[in-house]
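A.B. asks: The structure that follows is given in the form of structure tokens.
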Amino acid sequence: MLPEQIKAKIISNKRFKDNYWHLEFESGLIAGRALPGQFVNIKVSDDVEPLLRRPLSIHGTQSSKVRLFYEVLGMGTRILSNRRPGEFLDVIGPLGNGFSLPGKGHRLGGQAAILVAGGMGGAPLLFLAKKMILSKPLILIGARTKSKVLCAQEFKALGSAVKIATDDGSAGFKGRVTELLSQVLREAKNGGDLSIYACGPRPMLKAVSKIACDNNIDSQLSLEEHMACGIGACLGCVVATKSGYKMVCKDGPVFSGKELTW
Amino acid sequence: MKPDLSVRIGKFDLKNPVMVASGTFGYAEEFAPFIDLKKLGAIVTKTITVSPRLGNLPPRTCETPAGMLNSIGLENPGIDKFIREKLPFLKKLGIPVIVSIASIDDPGEFTVLASHLDKIKEVSALELNISCPNLHKDKLISQDAKDTFELVSLVRKLTQKCLITKLSPNVTSISEIALAAERAGSDAVALINTLGGMSIDIDKRTPKIGSWSAGLSGPAIRPVAVKMIWEAHNKIKIPIIGMGGIMDIQSALEFFIAGASAISVGTANFINPRASIEIISGLKAYMADNNMRDLSGLIGSLRAC
Ligand SMILES: Cc1cc2nc3c(=O)[nH]c(=O)nc-3n(C[C@H](O)[C@H](O)[C@H](O)COP(=O)(O)OP(=O)(O)OC[C@H]3O[C@@H](n4cnc5c(N)ncnc54)[C@H](O)[C@@H]3O)c2cc1C
Ligand SMILES: Cc1cc2nc3c(=O)[nH]c(=O)nc-3n(C[C@H](O)[C@H](O)[C@H](O)COP(=O)(O)O)c2cc1C
Ligand code: FES
């Protein structure tokens, strides 16, 4: 589906906790077309600073509302967090190629898929989990520490089993989420028809893709790269694949683990 | 009174003087969802080389104060694939298509490029990119008046098409280089390409760009561009296509007043895909408000303060 540039009315923009925010804007068009894994590109202010748009994943849709989940990191997201309901946001979307959903017949003790979320990775993955209606995916969430574990309640509310890994052991499994993933796969053994979906920091995605390959499982990974245009025009956001450089904004952000050469 | 926006660039006419800059508009199809491409004065393609190029190591872009750095490294599919896969869409638009071309190792590559493009009637002009800062050469052709003269003379002999020479701002005297291009038979000059720049991640102590240095574009470079257009305008007679940080009609007007016959919208396309179209309507309104029948009263109309 083609993207559009729209002025979207902000419905709500609220701090969720710490530096994490939820923003909802009104756009029947984007809500209607959005697929899990796609993103929107937002001009946070009319100013020349920050100059470029900021890409954010689609966290969910509800009738004509689009929901985003973001972390305030620098100038762009800080300005975004100051935008008020009723104001209009310049949004381009939906952009990119999202996840492909698993077909019927996937089984892993009732789980069709495993979703691995590191850091803000829950942003696109929650939307994906909502669309997996045939069978609930198993969710693995990784974070440095308990307070940084994101989206666990929301995934549970969808009826998914959620397992947590923290680096310091303050919640769930002590260690990396990828170690937890290996453990889950060892215990399940019958990985055959399973898919893994992941979003998070690059090193995590690389490890997920290796584990998936070693277990002969398909993986779909949502990548980030700095974007200038977000629409495939500048060739700035490339990532190395077996068939040369590909654009994260247009060919991705979701790539098959088998495709990437890291 | 309906103002006449048309302008002649060397051998061809534009219905309006607003084009889109090489490398910032892909091959135009990327912008089809956002604007009516047929409204543009002309489209300049990403720079094409004889052989396909992978381009530079990522990360390739980063943001800087009121600007951005890029080091794409002329990633392109090569001339054959460009003609096969990208040109058909451009041809159908019915507006002037300017193909940007560059040589990588040997000026002889222009012979191949020109021989392919010269026979395609929808290609209105060739833009010689002798000013890309991202090929990691010690010196760019457009950083030397003699080299510029020799290269443009060589390509001039190879093509009947309108020839535009694109210049680098990383020079001591832009007018000297522009003059060399004019004397060698260039029909127009395009300026400015990006300015060499660099940005550092202080936590990692690494460059923010994979190939270390890059080209700066956006509003940050606008005053540099305006001055260079003014300088070149004072020295040469061939038309100038001005660019560098044009975001809207106000910034576009600075370029016309400084002496540009046409302008190119670059980085602004990334931020507002409709920027070029909004500039066209802004220009119409400005001319009507100022009782200008055509662009002759605007181009180079700078007065002393
Ligand atoms: C496809 C995609 C989806 C994303 N989804 C989310 C999401 O759902 N929630 C979320 O919190 N974050 C998401 N991000 C990351 C988000 O875009 C950055 O955190 C944000 O741009 C930071 O901007 P800033 O001005 O606040 O910080 P800055 O200080 O400018 O930058 C902080 C970090 O963000 C990166 N960044 C800045 N500008 C861009 C840009 N134009 N393109 C890509 N990266 C950039 C920088 O390289 C740096 O690493 C996503 C990124 C991509 C590419
Ligand atoms: C991402 C990017 C890619 C570019 N690629 C090319 C190119 O292939 N050939 C070229 O002649 N100029 C290229 N340029 C330079 C632009 O055409 C233009 O000269 C420059 O960016 C200044 O204009 P601006 O500030 O409006 O962007 C590129 C610029 C950017 C930002
Ligand atoms: S951000 Fe421009 S091509 Fe992806």
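We label chains A, B, ... in the order they appear in the structure tokens, count residues from 1 in each chain, and number ligands from 1 in the order shown.
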Mind listing as a JSON list (two decimals) with C-alpha atoms, in the first residue's frame which residues of chain B are within 6 Å of chain A, counting only C-alpha atoms?
C.D. replies:
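Done, and the output landed in out-v3.json:
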```json
[["chain", "number", "residue", "atom", "x", "y", "z"],
["B", 24, "THR", "CA", 17.76, 13.56, -3.52],
["B", 25, "PHE", "CA", 14.87, 12.39, -5.66],
["B", 26, "GLY", "CA", 15.84, 8.82, -6.45],
["B", 60, "ARG", "CA", 25.79, 6.83, 5.27],
["B", 61, "THR", "CA", 23.82, 9.73, 6.73],
["B", 66, "ALA", "CA", 20.20, 22.57, 10.31],
["B", 270, "PHE", "CA", 13.43, 14.23, 2.29],
["B", 271, "ILE", "CA", 11.71, 16.44, 4.82]]
```
A.B. asks: With a cut-off of 9 Å, could you pull out the residues of chain A touching ligand 1 and give me the nearest pair of atoms for each, distance in Å to one decimal, using only C-alpha atoms and all ligand atoms, ordered by chain and ascending number, as a Markdown table?
C.D. replies:
```
| residue | atom | partner | partner_atom_place_in_ligand_line | distance |
| --- | --- | --- | --- | --- |
| A:Tyr20 | CA | ligand 1 | 11 (O) | 7.6 |
| A:Trp21 | CA | ligand 1 | 11 (O) | 8.2 |
| A:Gly37 | CA | ligand 1 | 1 (C) | 8.2 |
| A:Gln38 | CA | ligand 1 | 1 (C) | 7.4 |
| A:Phe39 | CA | ligand 1 | 1 (C) | 5.7 |
| A:Val40 | CA | ligand 1 | 3 (C) | 7.8 |
| A:Asn41 | CA | ligand 1 | 41 (N) | 8.2 |
| A:Pro50 | CA | ligand 1 | 25 (O) | 6.8 |
| A:Leu51 | CA | ligand 1 | 41 (N) | 8.8 |
| A:Leu52 | CA | ligand 1 | 41 (N) | 5.6 |
| A:Arg53 | CA | ligand 1 | 41 (N) | 5.4 |
| A:Arg54 | CA | ligand 1 | 21 (O) | 4.4 |
| A:Pro55 | CA | ligand 1 | 17 (O) | 4.2 |
| A:Leu56 | CA | ligand 1 | 5 (N) | 3.5 |
| A:Ser57 | CA | ligand 1 | 8 (O) | 3.7 |
| A:Ile58 | CA | ligand 1 | 8 (O) | 6.4 |
| A:His59 | CA | ligand 1 | 8 (O) | 6.6 |
| A:Leu68 | CA | ligand 1 | 8 (O) | 6.2 |
| A:Phe69 | CA | ligand 1 | 9 (N) | 5.3 |
| A:Tyr70 | CA | ligand 1 | 11 (O) | 3.2 |
| A:Glu71 | CA | ligand 1 | 11 (O) | 3.9 |
| A:Val72 | CA | ligand 1 | 26 (O) | 5.6 |
| A:Leu73 | CA | ligand 1 | 26 (O) | 4.4 |
| A:Gly74 | CA | ligand 1 | 26 (O) | 3.3 |
| A:Met75 | CA | ligand 1 | 25 (O) | 4.2 |
| A:Gly76 | CA | ligand 1 | 25 (O) | 3.1 |
| A:Thr77 | CA | ligand 1 | 26 (O) | 3.6 |
| A:Arg78 | CA | ligand 1 | 26 (O) | 5.9 |
| A:Ile79 | CA | ligand 1 | 26 (O) | 7.9 |
| A:Leu80 | CA | ligand 1 | 26 (O) | 8.3 |
| A:Leu95 | CA | ligand 1 | 1 (C) | 8.5 |
| A:Gly96 | CA | ligand 1 | 1 (C) | 7.9 |
| A:Met120 | CA | ligand 1 | 9 (N) | 5.9 |
| A:Gly121 | CA | ligand 1 | 8 (O) | 7.4 |
| A:Gly122 | CA | ligand 1 | 8 (O) | 8.0 |
| A:Ala123 | CA | ligand 1 | 8 (O) | 4.7 |
| A:Pro124 | CA | ligand 1 | 8 (O) | 6.3 |
| A:Ser222 | CA | ligand 1 | 1 (C) | 7.6 |
| A:Leu223 | CA | ligand 1 | 1 (C) | 6.6 |
| A:Glu224 | CA | ligand 1 | 53 (C) | 3.9 |
| A:Glu225 | CA | ligand 1 | 53 (C) | 5.0 |
| A:His226 | CA | ligand 1 | 43 (C) | 3.4 |
| A:Met227 | CA | ligand 1 | 42 (N) | 3.8 |
| A:Ala228 | CA | ligand 1 | 41 (N) | 5.5 |
| A:Cys229 | CA | ligand 1 | 41 (N) | 7.8 |
| A:Gly230 | CA | ligand 1 | 42 (N) | 7.9 |
| A:Cys237 | CA | ligand 1 | 43 (C) | 8.2 |
| A:Val248 | CA | ligand 1 | 1 (C) | 7.2 |
| A:Cys249 | CA | ligand 1 | 1 (C) | 6.4 |
| A:Gly252 | CA | ligand 1 | 1 (C) | 8.1 |
| A:Pro253 | CA | ligand 1 | 1 (C) | 5.6 |
| A:Val254 | CA | ligand 1 | 1 (C) | 8.8 |
```
A.B. asks: Quick one: write out the picked residues with C-alpha atoms as a tab-separated table (two decimals), in the first residue's frame?
C.D. replies:
```tsv
chain	number	residue	atom	x	y	z
A	20	TYR	CA	8.82	6.17	27.58
A	21	TRP	CA	5.82	7.76	25.88
A	37	GLY	CA	6.54	-3.91	11.19
A	38	GLN	CA	5.76	-0.80	9.16
A	39	PHE	CA	6.66	2.63	10.45
A	40	VAL	CA	5.76	6.29	10.12
A	41	ASN	CA	8.19	9.16	9.58
A	50	PRO	CA	15.94	18.97	14.03
A	51	LEU	CA	15.92	18.92	10.26
A	52	LEU	CA	15.04	15.34	9.40
A	53	ARG	CA	11.94	13.34	10.16
A	54	ARG	CA	12.05	10.78	12.93
A	55	PRO	CA	11.03	7.20	12.11
A	56	LEU	CA	8.82	5.42	14.65
A	57	SER	CA	7.24	1.98	14.39
A	58	ILE	CA	3.51	1.54	14.36
A	59	HIS	CA	2.69	0.16	17.80
A	68	LEU	CA	3.19	4.93	18.75
A	69	PHE	CA	5.49	3.96	21.59
A	70	TYR	CA	8.71	5.92	21.87
A	71	GLU	CA	11.64	6.62	24.09
A	72	VAL	CA	12.81	10.19	24.55
A	73	LEU	CA	16.47	10.04	23.54
A	74	GLY	CA	17.49	13.30	21.95
A	75	MET	CA	16.15	16.54	20.53
A	76	GLY	CA	13.63	15.03	18.12
A	77	THR	CA	11.85	12.76	20.55
A	78	ARG	CA	12.01	15.43	23.27
A	79	ILE	CA	10.19	17.91	21.03
A	80	LEU	CA	7.71	15.18	20.11
A	95	LEU	CA	6.31	3.01	5.26
A	96	GLY	CA	8.42	-0.07	4.65
A	120	MET	CA	12.17	-0.68	22.40
A	121	GLY	CA	11.64	-3.76	20.22
A	122	GLY	CA	8.21	-4.24	21.75
A	123	ALA	CA	7.04	-1.20	19.75
A	124	PRO	CA	6.47	-3.05	16.46
A	222	SER	CA	13.23	-5.58	12.18
A	223	LEU	CA	16.28	-3.38	11.69
A	224	GLU	CA	17.08	0.25	12.34
A	225	GLU	CA	19.44	2.44	10.38
A	226	HIS	CA	19.74	6.20	10.25
A	227	MET	CA	17.24	7.51	7.72
A	228	ALA	CA	17.25	10.76	5.80
A	229	CYS	CA	14.19	10.24	3.56
A	230	GLY	CA	12.44	7.06	4.71
A	237	CYS	CA	19.80	3.61	5.18
A	248	VAL	CA	16.07	-0.50	5.52
A	249	CYS	CA	13.28	2.01	4.84
A	252	GLY	CA	12.92	-3.46	5.15
A	253	PRO	CA	12.79	-2.63	7.97
A	254	VAL	CA	11.97	-6.33	8.28
```
A.B. asks: Go through chain B residue by residue and, counting only C-alpha atoms and all ligand atoms, keep those with an atom at most 8 Å from ligand 2; for each kept residue give the shortest atom pair and its distance in Å to one decimal, ordered by chain and increasing number, as CSV.
C.D. replies:
```
residue,atom,partner,partner_atom_place_in_ligand_line,distance
B:Val20,CA,ligand 2,17 (O),7.9
B:Ala21,CA,ligand 2,17 (O),4.2
B:Ser22,CA,ligand 2,17 (O),4.0
B:Gly23,CA,ligand 2,5 (N),3.3
B:Thr24,CA,ligand 2,2 (C),5.2
B:Thr45,CA,ligand 2,8 (O),7.8
B:Lys46,CA,ligand 2,8 (O),4.5
B:Thr47,CA,ligand 2,8 (O),4.1
B:Ile48,CA,ligand 2,8 (O),7.6
B:Thr61,CA,ligand 2,1 (C),7.3
B:Gly67,CA,ligand 2,25 (O),7.7
B:Met68,CA,ligand 2,31 (C),7.1
B:Leu69,CA,ligand 2,31 (C),7.0
B:Asn70,CA,ligand 2,1 (C),5.2
B:Ser71,CA,ligand 2,1 (C),7.2
B:Ile72,CA,ligand 2,3 (C),6.2
B:Gly73,CA,ligand 2,8 (O),7.7
B:Leu74,CA,ligand 2,8 (O),5.2
B:Glu75,CA,ligand 2,8 (O),7.8
B:Ser100,CA,ligand 2,11 (O),6.5
B:Ile101,CA,ligand 2,9 (N),7.9
B:Glu127,CA,ligand 2,11 (O),7.7
B:Leu128,CA,ligand 2,11 (O),7.6
B:Asn129,CA,ligand 2,11 (O),4.8
B:Ile130,CA,ligand 2,11 (O),7.7
B:Ser131,CA,ligand 2,11 (O),6.8
B:Cys132,CA,ligand 2,10 (C),6.2
B:Lys166,CA,ligand 2,11 (O),6.4
B:Ala190,CA,ligand 2,19 (O),8.0
B:Leu191,CA,ligand 2,19 (O),6.5
B:Ile192,CA,ligand 2,19 (O),5.2
B:Asn193,CA,ligand 2,19 (O),3.5
B:Thr194,CA,ligand 2,20 (C),4.7
B:Gly215,CA,ligand 2,29 (C),7.3
B:Leu216,CA,ligand 2,21 (O),7.1
B:Ser217,CA,ligand 2,25 (O),3.8
B:Gly218,CA,ligand 2,25 (O),3.6
B:Pro219,CA,ligand 2,25 (O),6.2
B:Ala220,CA,ligand 2,25 (O),7.8
B:Ile221,CA,ligand 2,25 (O),6.4
B:Arg222,CA,ligand 2,25 (O),6.9
B:Met243,CA,ligand 2,23 (O),4.9
B:Gly244,CA,ligand 2,23 (O),3.5
B:Gly245,CA,ligand 2,25 (O),3.5
B:Ile246,CA,ligand 2,26 (O),5.0
B:Met247,CA,ligand 2,26 (O),7.2
B:Ser264,CA,ligand 2,26 (O),6.8
B:Val265,CA,ligand 2,26 (O),5.1
B:Gly266,CA,ligand 2,26 (O),3.5
B:Thr267,CA,ligand 2,27 (O),3.6
B:Ala268,CA,ligand 2,26 (O),6.1
```
A.B. asks: List every residue of segment 51-276 of chain B that DSSP, applied to the backbone of this structure, places in strand (DSSP E), and write the result as a ChimeraX atom specification.
C.D. replies: /B:61-64,67-70,97-101,123-129,162-166,188-191,195-197,200-201,206-207,214-217,240-242,262-265
A.B. asks: Would you save the residues of that selection, restricted to C-alpha atoms, as a tab-separated table (two decimals), in the first residue's frame?
C.D. replies:
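Output file out.tsv follows:
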```
chain	number	residue	atom	x	y	z
B	61	THR	CA	23.82	9.73	6.73
B	62	CYS	CA	23.64	11.68	9.95
B	63	GLU	CA	22.04	14.88	11.09
B	64	THR	CA	23.98	18.09	11.83
B	67	GLY	CA	21.78	20.14	7.90
B	68	MET	CA	22.82	16.60	7.20
B	69	LEU	CA	25.87	14.69	6.09
B	70	ASN	CA	25.74	12.02	3.44
B	97	VAL	CA	14.79	14.54	-17.72
B	98	ILE	CA	18.35	15.46	-16.89
B	99	VAL	CA	20.64	12.51	-16.39
B	100	SER	CA	23.50	13.12	-14.00
B	101	ILE	CA	26.66	11.25	-15.01
B	123	VAL	CA	16.82	12.93	-22.07
B	124	SER	CA	16.93	16.72	-22.27
B	125	ALA	CA	20.34	17.27	-20.80
B	126	LEU	CA	23.35	15.64	-19.21
B	127	GLU	CA	24.61	16.92	-15.90
B	128	LEU	CA	28.31	16.31	-15.41
B	129	ASN	CA	28.90	15.50	-11.79
B	162	CYS	CA	22.49	20.31	-23.42
B	163	LEU	CA	25.42	20.02	-21.04
B	164	ILE	CA	25.23	21.16	-17.42
B	165	THR	CA	28.37	21.11	-15.28
B	166	LYS	CA	27.86	20.59	-11.57
B	188	ALA	CA	24.82	25.82	-17.92
B	189	VAL	CA	26.35	25.28	-14.51
B	190	ALA	CA	24.70	23.74	-11.47
B	191	LEU	CA	25.91	24.76	-8.04
B	195	LEU	CA	30.43	20.79	1.15
B	196	GLY	CA	32.95	18.41	2.66
B	197	GLY	CA	32.12	17.73	6.29
B	200	ILE	CA	32.03	12.61	15.44
B	201	ASP	CA	30.29	10.41	18.01
B	206	THR	CA	34.23	7.27	15.99
B	207	PRO	CA	33.10	9.17	12.92
B	214	ALA	CA	30.86	13.15	3.88
B	215	GLY	CA	28.99	15.94	2.12
B	216	LEU	CA	27.02	18.59	3.99
B	217	SER	CA	23.65	19.74	2.66
B	240	ILE	CA	23.06	28.99	-13.38
B	241	ILE	CA	20.99	26.30	-11.70
B	242	GLY	CA	21.16	27.17	-8.03
B	262	ALA	CA	16.52	27.88	-12.20
B	263	ILE	CA	16.76	26.20	-8.83
B	264	SER	CA	17.01	22.63	-7.59
B	265	VAL	CA	15.37	21.30	-4.46
```
A.B. asks: Considering only helix (DSSP H, G or I) as DSSP defines it on the backbone, what residues of segment 19-132 of chain A qualify? List them as a tab-separated table (two decimals) with all heavy atoms, in the first residue's frame.
C.D. replies:
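Generated output (out00.tsv):
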```tsv
chain	number	residue	atom	x	y	z
A	28	GLY	N	-7.30	7.69	9.61
A	28	GLY	CA	-8.00	6.51	9.11
A	28	GLY	C	-7.18	5.86	8.01
A	28	GLY	O	-7.11	4.63	7.90
A	29	LEU	N	-6.53	6.70	7.23
A	29	LEU	CA	-5.77	6.20	6.09
A	29	LEU	C	-4.61	5.32	6.54
A	29	LEU	O	-4.46	4.18	6.10
A	29	LEU	CB	-5.26	7.42	5.34
A	29	LEU	CG	-4.69	7.14	3.97
A	29	LEU	CD1	-5.17	8.22	3.01
A	29	LEU	CD2	-3.19	7.11	4.02
A	30	ILE	N	-3.80	5.84	7.46
A	30	ILE	CA	-2.64	5.06	7.91
A	30	ILE	C	-3.11	3.87	8.75
A	30	ILE	O	-2.64	2.74	8.57
A	30	ILE	CB	-1.64	5.94	8.69
A	30	ILE	CG1	-1.04	6.99	7.75
A	30	ILE	CG2	-0.53	5.09	9.31
A	30	ILE	CD1	-0.07	7.96	8.39
A	31	ALA	N	-4.09	4.10	9.62
A	31	ALA	CA	-4.60	3.00	10.45
A	31	ALA	C	-5.14	1.87	9.57
A	31	ALA	O	-4.93	0.69	9.84
A	31	ALA	CB	-5.68	3.50	11.40
A	32	GLY	N	-5.80	2.26	8.49
A	32	GLY	CA	-6.41	1.26	7.61
A	32	GLY	C	-5.39	0.46	6.82
A	32	GLY	O	-5.61	-0.70	6.50
A	33	ARG	N	-4.27	1.08	6.50
A	33	ARG	CA	-3.29	0.41	5.64
A	33	ARG	C	-2.16	-0.26	6.41
A	33	ARG	O	-1.43	-1.07	5.85
A	33	ARG	CB	-2.66	1.44	4.70
A	33	ARG	CG	-3.62	2.01	3.69
A	33	ARG	CD	-2.90	3.01	2.80
A	33	ARG	NE	-3.86	3.64	1.91
A	33	ARG	CZ	-3.55	4.60	1.06
A	33	ARG	NH1	-2.32	5.05	0.97
A	33	ARG	NH2	-4.47	5.12	0.28
A	75	MET	N	16.96	15.36	20.80
A	75	MET	CA	16.15	16.54	20.53
A	75	MET	C	14.80	16.21	19.86
A	75	MET	O	13.76	16.74	20.24
A	75	MET	CB	16.92	17.50	19.62
A	75	MET	CG	16.29	18.87	19.55
A	75	MET	SD	16.82	19.88	18.16
A	75	MET	CE	18.52	19.53	18.02
A	76	GLY	N	14.84	15.32	18.88
A	76	GLY	CA	13.63	15.03	18.12
A	76	GLY	C	12.52	14.44	18.98
A	76	GLY	O	11.38	14.90	18.99
A	77	THR	N	12.87	13.41	19.73
A	77	THR	CA	11.85	12.76	20.55
A	77	THR	C	11.45	13.64	21.73
A	77	THR	O	10.32	13.58	22.20
A	77	THR	CB	12.34	11.38	21.03
A	77	THR	OG1	13.68	11.50	21.50
A	77	THR	CG2	12.29	10.36	19.92
A	78	ARG	N	12.37	14.52	22.19
A	78	ARG	CA	12.01	15.43	23.27
A	78	ARG	C	10.95	16.42	22.78
A	78	ARG	O	9.94	16.65	23.44
A	78	ARG	CB	13.25	16.17	23.79
A	78	ARG	CG	12.99	16.88	25.12
A	78	ARG	CD	14.26	17.45	25.73
A	78	ARG	NE	14.91	18.40	24.84
A	78	ARG	CZ	16.11	18.24	24.29
A	78	ARG	NH1	16.81	17.15	24.53
A	78	ARG	NH2	16.62	19.15	23.50
A	79	ILE	N	11.18	16.97	21.59
A	79	ILE	CA	10.19	17.91	21.03
A	79	ILE	C	8.86	17.18	20.81
A	79	ILE	O	7.79	17.72	21.11
A	79	ILE	CB	10.72	18.52	19.71
A	79	ILE	CG1	11.92	19.42	20.02
A	79	ILE	CG2	9.62	19.31	18.99
A	79	ILE	CD1	12.63	19.96	18.81
A	80	LEU	N	8.94	15.94	20.33
A	80	LEU	CA	7.71	15.18	20.11
A	80	LEU	C	6.92	15.03	21.42
A	80	LEU	O	5.69	15.16	21.44
A	80	LEU	CB	8.04	13.80	19.52
A	80	LEU	CG	6.85	12.94	19.12
A	80	LEU	CD1	6.06	13.60	17.98
A	80	LEU	CD2	7.28	11.54	18.69
A	81	SER	N	7.66	14.80	22.51
A	81	SER	CA	6.97	14.58	23.78
A	81	SER	C	6.31	15.87	24.30
A	81	SER	O	5.45	15.81	25.17
A	81	SER	CB	7.95	14.03	24.84
A	81	SER	OG	8.87	15.03	25.22
A	82	ASN	N	6.73	17.01	23.74
A	82	ASN	CA	6.10	18.28	24.14
A	82	ASN	C	4.89	18.65	23.27
A	82	ASN	O	4.24	19.66	23.53
A	82	ASN	CB	7.12	19.42	24.07
A	82	ASN	CG	8.13	19.32	25.19
A	82	ASN	OD1	7.80	18.87	26.28
A	82	ASN	ND2	9.37	19.69	24.91
A	119	GLY	N	14.92	-4.04	24.32
A	119	GLY	CA	14.75	-2.59	24.46
A	119	GLY	C	13.40	-2.14	23.94
A	119	GLY	O	12.36	-2.63	24.39
A	120	MET	N	13.42	-1.21	22.96
A	120	MET	CA	12.17	-0.68	22.40
A	120	MET	C	11.53	-1.63	21.39
A	120	MET	O	10.55	-1.29	20.75
A	120	MET	CB	12.43	0.66	21.68
A	120	MET	CG	12.67	1.84	22.60
A	120	MET	SD	11.32	2.13	23.73
A	120	MET	CE	9.97	2.50	22.62
A	121	GLY	N	12.11	-2.81	21.24
A	121	GLY	CA	11.64	-3.76	20.22
A	121	GLY	C	10.17	-4.13	20.35
A	121	GLY	O	9.54	-4.56	19.38
A	122	GLY	N	9.62	-3.94	21.57
A	122	GLY	CA	8.21	-4.24	21.75
A	122	GLY	C	7.31	-3.32	20.93
A	122	GLY	O	6.15	-3.64	20.69
A	123	ALA	N	7.87	-2.17	20.48
A	123	ALA	CA	7.04	-1.20	19.75
A	123	ALA	C	6.37	-1.84	18.52
A	123	ALA	O	5.15	-1.86	18.43
A	123	ALA	CB	7.84	0.05	19.41
A	124	PRO	N	7.14	-2.40	17.59
A	124	PRO	CA	6.47	-3.05	16.46
A	124	PRO	C	5.92	-4.44	16.79
A	124	PRO	O	4.95	-4.88	16.19
A	124	PRO	CB	7.57	-3.16	15.40
A	124	PRO	CG	8.84	-3.17	16.18
A	124	PRO	CD	8.59	-2.31	17.39
A	125	LEU	N	6.55	-5.12	17.77
A	125	LEU	CA	6.17	-6.52	18.00
A	125	LEU	C	4.80	-6.66	18.66
A	125	LEU	O	4.11	-7.66	18.45
A	125	LEU	CB	7.25	-7.25	18.81
A	125	LEU	CG	8.57	-7.48	18.07
A	125	LEU	CD1	9.59	-8.16	18.98
A	125	LEU	CD2	8.37	-8.31	16.79
A	126	LEU	N	4.39	-5.66	19.44
A	126	LEU	CA	3.07	-5.75	20.06
A	126	LEU	C	1.98	-5.72	18.97
A	126	LEU	O	1.01	-6.47	19.02
A	126	LEU	CB	2.84	-4.62	21.06
A	126	LEU	CG	1.53	-4.77	21.84
A	126	LEU	CD1	1.63	-5.88	22.88
A	126	LEU	CD2	1.10	-3.47	22.50
A	127	PHE	N	2.19	-4.87	17.98
A	127	PHE	CA	1.25	-4.78	16.85
A	127	PHE	C	1.21	-6.12	16.12
A	127	PHE	O	0.14	-6.61	15.74
A	127	PHE	CB	1.71	-3.64	15.93
A	127	PHE	CG	0.75	-3.28	14.82
A	127	PHE	CD1	-0.62	-3.49	14.94
A	127	PHE	CD2	1.23	-2.69	13.66
A	127	PHE	CE1	-1.50	-3.14	13.91
A	127	PHE	CE2	0.36	-2.33	12.63
A	127	PHE	CZ	-0.99	-2.56	12.76
A	128	LEU	N	2.38	-6.73	15.97
A	128	LEU	CA	2.45	-8.05	15.31
A	128	LEU	C	1.68	-9.08	16.13
A	128	LEU	O	0.87	-9.85	15.59
A	128	LEU	CB	3.92	-8.47	15.15
A	128	LEU	CG	4.16	-9.87	14.59
A	128	LEU	CD1	3.70	-9.97	13.14
A	128	LEU	CD2	5.64	-10.25	14.67
A	129	ALA	N	1.92	-9.09	17.44
A	129	ALA	CA	1.27	-10.08	18.31
A	129	ALA	C	-0.25	-9.95	18.22
A	129	ALA	O	-0.98	-10.95	18.21
A	129	ALA	CB	1.73	-9.90	19.76
A	130	LYS	N	-0.72	-8.69	18.11
A	130	LYS	CA	-2.17	-8.48	18.01
A	130	LYS	C	-2.75	-9.12	16.76
A	130	LYS	O	-3.90	-9.53	16.73
A	130	LYS	CB	-2.47	-6.98	17.97
A	130	LYS	CG	-2.53	-6.36	19.35
A	130	LYS	CD	-2.95	-4.91	19.28
A	130	LYS	CE	-2.62	-4.22	20.59
A	130	LYS	NZ	-2.38	-2.80	20.45
A	131	LYS	N	-1.95	-9.17	15.72
A	131	LYS	CA	-2.44	-9.72	14.44
A	131	LYS	C	-2.31	-11.23	14.37
A	131	LYS	O	-2.79	-11.86	13.44
A	131	LYS	CB	-1.69	-9.08	13.27
A	131	LYS	CG	-1.85	-7.59	13.16
A	131	LYS	CD	-3.10	-7.21	12.39
A	131	LYS	CE	-3.31	-5.71	12.47
A	131	LYS	NZ	-4.49	-5.23	11.78
```
A.B. asks: For segment 82-92 of chain B, list every protein, DNA or RNA residue within 7 Å, evaluated using only C-alpha atoms, and leave out those in the same chain fewer than 5 positions away; present the list as a list in words.
C.D. replies: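 So, after excluding close chain neighbours, the residues are Tyr27, Pro77, Val97 and Glu122 of chain B.
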A.B. asks: Since we have the selection now, will you write its residues out, keeping N, CA and C atoms, as a tab-separated table (two decimals), in the first residue's frame?
C.D. replies:
```tsv
chain	number	residue	atom	x	y	z
B	27	TYR	N	14.83	8.03	-8.49
B	27	TYR	CA	14.54	8.05	-9.92
B	27	TYR	C	13.10	8.52	-10.13
B	77	PRO	N	22.75	1.68	-10.36
B	77	PRO	CA	22.73	0.37	-11.03
B	77	PRO	C	23.61	0.28	-12.28
B	97	VAL	N	14.01	15.40	-18.60
B	97	VAL	CA	14.79	14.54	-17.72
B	97	VAL	C	16.26	14.87	-17.92
B	122	GLU	N	14.04	11.64	-24.89
B	122	GLU	CA	13.46	12.17	-23.65
B	122	GLU	C	14.51	12.71	-22.68
```
A.B. asks: Considering only C-alpha atoms and all ligand atoms, state which residue in the set B:Leu93, B:Glu150, B:Asn269, B:Asn291 is at the smallest distance from ligand 3.
C.D. replies: B:Asn269
A.B. asks: Given the choices A:Lys174, A:Lys246, A:Lys9, A:Lys258, which gets closest to ligand 3 if the distance is worked out from only C-alpha atoms and all ligand atoms?
C.D. replies: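 So, comparing all the options, the nearest one is A:Lys246.
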A.B. asks: Do you have the atom CA of Ser301 of chain B-atom CA of Phe256 of chain B distance handy?
C.D. replies: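 Taking atom CA of Ser301 of chain B and atom CA of Phe256 of chain B, their separation equals 7.8 Å.
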